[in-house]
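For reference, the structure discussed in these notes is given below.
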Amino acid sequence: MTDFQNKFQNVLFLVTGMTPAIITETVWALACDPELDEDSRWVPDRVEVLSTDHGLNQIRSHLLESNVFETFKKDFPQLANLVFDETCLQSIISENGSETVLIDLKTPEDNEFAANQIHKKIRDLTGNENVSLHVSIAGGRKTMGFYAGYALSLHGRAQDSLSHVLVDDKFENIPAFFYPTPYTHYVTDRGGRAWDASKAQVWLAEIPFVRMKDAIHEKHQLKGDFTFSEVVSSIKNSFAPSSLVINLDDNTMTFNGVEISLPPREYAFLHWFADLRKKGVNGVHCPRIKNSASSKNASEEDLKLVRDVTEAFAFYYNEQKSNISGLSVDKTFFNSTLSNLNKILIKNLGLETASKFQIVNINKTRGKPFFLDLPAEAITIIDSMK
């Protein structure tokens with residue numbers, strides 16, 4: 001990730017391919033269009049590009065090695081401090097272990113690699129509060145532009161924006177046209193006709209987008225190093241019909257197709273409540289005794305509840321641990337197991353999906369029994385020993 005050294009910067013990010021002029025045209029439309037007033041101008045401090053090897057070579061040849069970009073900056077003084085050099089170019093690489101730079105995007109796998117790296121770049125940039133990000137979806141393959149827009153919708157903040165640049169038809173396919181010059185400058189089209197670049201029209205189409213960052217992070221807990229594919233999968237899972245598969249043959253649990261490894265205590269706890277749900281049992285009362293080891297003054301009714309709950313849980317816990325001597329399911333044990341189970345589910349499934357597999361008390365009312373808030377028909381328990 002780029003080090004911005006705690007200095008606020010405007011960063012323009014593009015995924016352009018074989019059309020380097022998109023970069024200069026977009027910068028011109030953002031910062032140099034004479035019709036923009038001072039408040040409307042958005043002057044980039046840095047331009048970052050992610051592309052294939054072919055795409056980056058086109059940029060090097062047409063903008064950097066030819067000094068077109070340096071001339072562009074001289075033509076417009078407001079761009080004097082804009083950084084765009086070799087350090088701003090990032091290659092799309094394969095993610096199959098070889099880390100090979102991709103020449104082009106030709107296969108579905110190549111497109112997935114591009115999606116993941118576009119997503120990571122935008123996630124990293126929007127994760128820096130010292131960055132105001134503008135993403136252009138112009139140029140490049142349509143899939144790359146889509147991924148860039150989608151990623152910005154997932155992670156974009158109030159200070160971020162999205163656009164597509166449009167160019168006058170006469171200049172759109174002229175290889176030597178890069179931006180409307182502030183002086184007369186003729187460029188020749190493929191038919192040999194000369195056109196004055198200073199008369200070219202370039203428009204910036206601002207694209208409104210839904211900013212889902214807060215909702216995505218809160219509901220799906222996507223704060224780590226998740227790929228684009230994993231983010232999309234997590235969101236899709238939150239809308240899918242709930243299903244819980246408990247396989248006692250190999251001690252696995254699968255939630256909406258996602259297998260999660262649970263510690264023995266939490267595995268047995270959820271198995272217990274799932275089995276009760278399948279059998280139509282209303283639920284389990286949480287013991288009122290916090291610590292059974294210091295319960296000398298507890299009522300016989302409260303002591304009996306601890307014994308009954310412990311005996312019921314022990315049946316399932318014994319399948320996970322060979323030695324359960326001294327087990328006592330008091331209030332502390334019950335609540336800590338439930339809390340840890342919920343934390344594991346949220347971490348692996350996200351808040352929204354995990355909520356479908358929660359063990360809750362009826363009507364969320366104190367004193368009511370706890371139950372697994374999942375339809376019995378959504379639960380499958382596999383046990384070849386029965």
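A note on labels: chains of the structure tokens are A, B, ... as shown, every chain counts residues from 1, and ligands are counted from 1 in their shown order.
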
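The list of residues with at least one atom within 9 Å of range 249-252 of chain A, based on only C-alpha atoms and without residues fewer than 5 positions apart in the same chain, reads A:Glu259, A:Ile260, A:Ser261, A:Leu262, A:Tyr267, A:Gln320, A:Ile382, A:Asp383, A:Ser384, A:Met385.
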
Subject >> Contact residues around Asn361 in chain A with only C-alpha atoms at 12 Å, ignoring same-chain residues under 3 positions, as a PyMOL selection string >> reply: chain A and resi 273+282-286+335+338+358+364-373

Go ahead and save the picked residues with all heavy atoms, as a short mmCIF file (atom, residue, chain, number, x, y, z; two decimals), in the first residue's frame.
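File out11.cif, as written:
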```
data_model
loop_
_atom_site.label_atom_id
_atom_site.label_comp_id
_atom_site.auth_asym_id
_atom_site.auth_seq_id
_atom_site.Cartn_x
_atom_site.Cartn_y
_atom_site.Cartn_z
N PHE A 273 -28.64 -27.93 21.27
CA PHE A 273 -29.79 -27.08 20.95
C PHE A 273 -30.40 -27.43 19.60
O PHE A 273 -31.62 -27.32 19.42
CB PHE A 273 -29.39 -25.61 21.01
CG PHE A 273 -29.42 -25.03 22.39
CD1 PHE A 273 -28.30 -25.13 23.21
CD2 PHE A 273 -30.55 -24.44 22.90
CE1 PHE A 273 -28.32 -24.63 24.51
CE2 PHE A 273 -30.60 -23.93 24.19
CZ PHE A 273 -29.47 -24.03 25.00
N ASN A 282 -39.13 -27.06 23.65
CA ASN A 282 -39.21 -25.60 23.72
C ASN A 282 -37.87 -24.93 23.94
O ASN A 282 -37.61 -23.85 23.44
CB ASN A 282 -40.19 -25.16 24.81
CG ASN A 282 -41.63 -25.40 24.40
OD1 ASN A 282 -41.93 -25.43 23.20
ND2 ASN A 282 -42.50 -25.60 25.37
N GLY A 283 -37.01 -25.52 24.74
CA GLY A 283 -35.72 -24.88 24.99
C GLY A 283 -35.15 -25.26 26.34
O GLY A 283 -35.63 -26.17 27.01
N VAL A 284 -34.13 -24.51 26.75
CA VAL A 284 -33.41 -24.78 28.00
C VAL A 284 -33.33 -23.51 28.82
O VAL A 284 -32.97 -22.45 28.31
CB VAL A 284 -31.98 -25.28 27.70
CG1 VAL A 284 -31.21 -25.51 29.01
CG2 VAL A 284 -32.01 -26.55 26.87
N HIS A 285 -33.66 -23.61 30.09
CA HIS A 285 -33.52 -22.47 31.00
C HIS A 285 -32.06 -22.35 31.43
O HIS A 285 -31.42 -23.35 31.79
CB HIS A 285 -34.40 -22.64 32.24
CG HIS A 285 -35.84 -22.34 31.99
ND1 HIS A 285 -36.36 -21.07 32.00
CD2 HIS A 285 -36.87 -23.17 31.68
CE1 HIS A 285 -37.65 -21.12 31.74
NE2 HIS A 285 -37.99 -22.39 31.55
N CYS A 286 -31.55 -21.15 31.39
CA CYS A 286 -30.20 -20.91 31.88
C CYS A 286 -30.22 -20.94 33.41
O CYS A 286 -31.06 -20.29 34.04
CB CYS A 286 -29.70 -19.55 31.40
SG CYS A 286 -28.08 -19.08 32.05
N ASN A 335 -23.37 -19.06 29.91
CA ASN A 335 -23.24 -17.78 29.19
C ASN A 335 -21.91 -17.65 28.45
O ASN A 335 -21.85 -17.11 27.35
CB ASN A 335 -23.39 -16.62 30.18
CG ASN A 335 -24.83 -16.40 30.60
OD1 ASN A 335 -25.75 -16.83 29.91
ND2 ASN A 335 -25.03 -15.75 31.73
N LEU A 338 -22.12 -19.81 25.30
CA LEU A 338 -22.98 -19.15 24.32
C LEU A 338 -22.28 -17.96 23.69
O LEU A 338 -22.32 -17.76 22.46
CB LEU A 338 -24.28 -18.70 25.00
CG LEU A 338 -25.30 -17.95 24.13
CD1 LEU A 338 -25.71 -18.80 22.94
CD2 LEU A 338 -26.51 -17.57 24.96
N GLN A 358 -28.37 -18.12 15.78
CA GLN A 358 -28.19 -17.74 17.18
C GLN A 358 -29.06 -18.57 18.11
O GLN A 358 -30.18 -18.97 17.77
CB GLN A 358 -28.53 -16.26 17.38
CG GLN A 358 -27.42 -15.33 16.94
CD GLN A 358 -27.72 -13.90 17.35
OE1 GLN A 358 -28.87 -13.50 17.47
NE2 GLN A 358 -26.68 -13.11 17.57
N LYS A 364 -36.66 -12.92 23.69
CA LYS A 364 -35.54 -12.17 24.29
C LYS A 364 -35.92 -11.59 25.65
O LYS A 364 -35.63 -10.44 25.97
CB LYS A 364 -35.06 -11.07 23.33
CG LYS A 364 -34.49 -11.63 22.04
CD LYS A 364 -33.92 -10.57 21.14
CE LYS A 364 -33.34 -11.20 19.87
NZ LYS A 364 -32.77 -10.21 18.96
N THR A 365 -36.60 -12.42 26.42
CA THR A 365 -37.09 -12.01 27.73
C THR A 365 -36.37 -12.79 28.82
O THR A 365 -36.24 -14.02 28.73
CB THR A 365 -38.61 -12.26 27.86
OG1 THR A 365 -39.27 -11.57 26.79
CG2 THR A 365 -39.14 -11.75 29.19
N ARG A 366 -35.89 -12.08 29.85
CA ARG A 366 -35.18 -12.72 30.94
C ARG A 366 -36.07 -13.76 31.61
O ARG A 366 -37.26 -13.53 31.86
CB ARG A 366 -34.73 -11.68 31.96
CG ARG A 366 -33.92 -12.25 33.12
CD ARG A 366 -33.47 -11.17 34.06
NE ARG A 366 -32.54 -10.25 33.40
CZ ARG A 366 -31.99 -9.20 34.02
NH1 ARG A 366 -32.29 -8.94 35.29
NH2 ARG A 366 -31.16 -8.41 33.37
N GLY A 367 -35.48 -14.91 31.90
CA GLY A 367 -36.23 -15.96 32.58
C GLY A 367 -36.88 -16.95 31.63
O GLY A 367 -37.32 -18.02 32.05
N LYS A 368 -36.92 -16.63 30.34
CA LYS A 368 -37.50 -17.53 29.35
C LYS A 368 -36.43 -18.52 28.88
O LYS A 368 -35.23 -18.23 28.91
CB LYS A 368 -38.02 -16.74 28.16
CG LYS A 368 -39.18 -15.79 28.49
CD LYS A 368 -40.45 -16.57 28.80
CE LYS A 368 -41.63 -15.62 29.00
NZ LYS A 368 -42.87 -16.38 29.29
N PRO A 369 -36.84 -19.70 28.44
CA PRO A 369 -35.86 -20.68 27.98
C PRO A 369 -35.14 -20.25 26.71
O PRO A 369 -35.68 -19.51 25.89
CB PRO A 369 -36.70 -21.94 27.75
CG PRO A 369 -38.09 -21.45 27.55
CD PRO A 369 -38.21 -20.22 28.40
N PHE A 370 -33.92 -20.75 26.54
CA PHE A 370 -33.13 -20.48 25.34
C PHE A 370 -33.41 -21.57 24.30
O PHE A 370 -33.65 -22.73 24.66
CB PHE A 370 -31.64 -20.48 25.68
CG PHE A 370 -31.16 -19.20 26.32
CD1 PHE A 370 -31.44 -18.93 27.66
CD2 PHE A 370 -30.45 -18.25 25.58
CE1 PHE A 370 -31.00 -17.75 28.25
CE2 PHE A 370 -30.01 -17.07 26.16
CZ PHE A 370 -30.30 -16.81 27.49
N PHE A 371 -33.34 -21.18 23.02
CA PHE A 371 -33.54 -22.15 21.95
C PHE A 371 -32.77 -21.70 20.71
O PHE A 371 -32.38 -20.54 20.59
CB PHE A 371 -35.03 -22.30 21.62
CG PHE A 371 -35.62 -21.12 20.90
CD1 PHE A 371 -35.96 -21.20 19.55
CD2 PHE A 371 -35.84 -19.91 21.55
CE1 PHE A 371 -36.50 -20.12 18.88
CE2 PHE A 371 -36.38 -18.82 20.89
CZ PHE A 371 -36.71 -18.92 19.53
N LEU A 372 -32.55 -22.63 19.79
CA LEU A 372 -31.88 -22.31 18.53
C LEU A 372 -32.92 -21.71 17.60
O LEU A 372 -33.89 -22.38 17.22
CB LEU A 372 -31.27 -23.58 17.91
CG LEU A 372 -30.60 -23.41 16.54
CD1 LEU A 372 -29.46 -22.40 16.60
CD2 LEU A 372 -30.10 -24.76 16.02
N ASP A 373 -32.71 -20.44 17.22
CA ASP A 373 -33.68 -19.72 16.41
C ASP A 373 -33.54 -20.08 14.94
O ASP A 373 -33.13 -19.27 14.10
CB ASP A 373 -33.49 -18.21 16.62
CG ASP A 373 -34.65 -17.40 16.03
OD1 ASP A 373 -35.69 -18.00 15.70
OD2 ASP A 373 -34.51 -16.17 15.91
#
```

Report as CSV the residues of range 153-224 of chain A within 10 Å of range 48-70 of chain A, each with its shortest atom pair and distance in Å (one decimal), using only C-alpha atoms, ordered by chain and increasing residue number.
```
residue,atom,partner,partner_atom,distance
A:Pro175,CA,A:His62,CA,9.2
A:Ala176,CA,A:His62,CA,8.9
A:Phe178,CA,A:Val68,CA,8.2
```

Contacts of range 83-172 of chain A with range 179-192 of chain A up to 10 Å, shortest pair per row, only C-alpha atoms, as a tab-separated table:
```
residue	atom	partner	partner_atom	distance
A:Val167	CA	A:Tyr179	CA	9.4
A:Lys170	CA	A:Asp189	CA	8.2
A:Phe171	CA	A:Asp189	CA	7.7
A:Glu172	CA	A:Asp189	CA	9.5
```

**OP:** Can you check which residues of range 36-283 of chain A DSSP gives as strand (DSSP E or B) on the backbone and send them as an MDAnalysis selection string?
**Re:** chainID A and resid 46:51 83 89:91 93 101 131:136 161:167 186:188 194:196 202:206 244:247 252:255 258:260

**OP:** For Glu129 in chain A, list every protein, DNA or RNA residue within 10 Å, evaluated using only C-alpha atoms, and leave out those in the same chain fewer than 6 positions away; present the list as a PyMOL selection string.
**Re:** chain A and resi 6-9+157+159

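Each of A:Ser91, A:Thr71, A:Ser132, A:Thr332 was checked against Asp104 in chain A using only C-alpha atoms; the smallest atom-to-atom distance is that of A:Ser91.
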
**OP:** Fewer than 2 positions away in the same chain doesn't count, so skip those; otherwise give me all residues within 12 Å of Arg288 in chain A, counting only C-alpha atoms, as a ChimeraX atom specification.
**Re:** /A:285-286,290-292,295,298-307,309,329-335,366-369
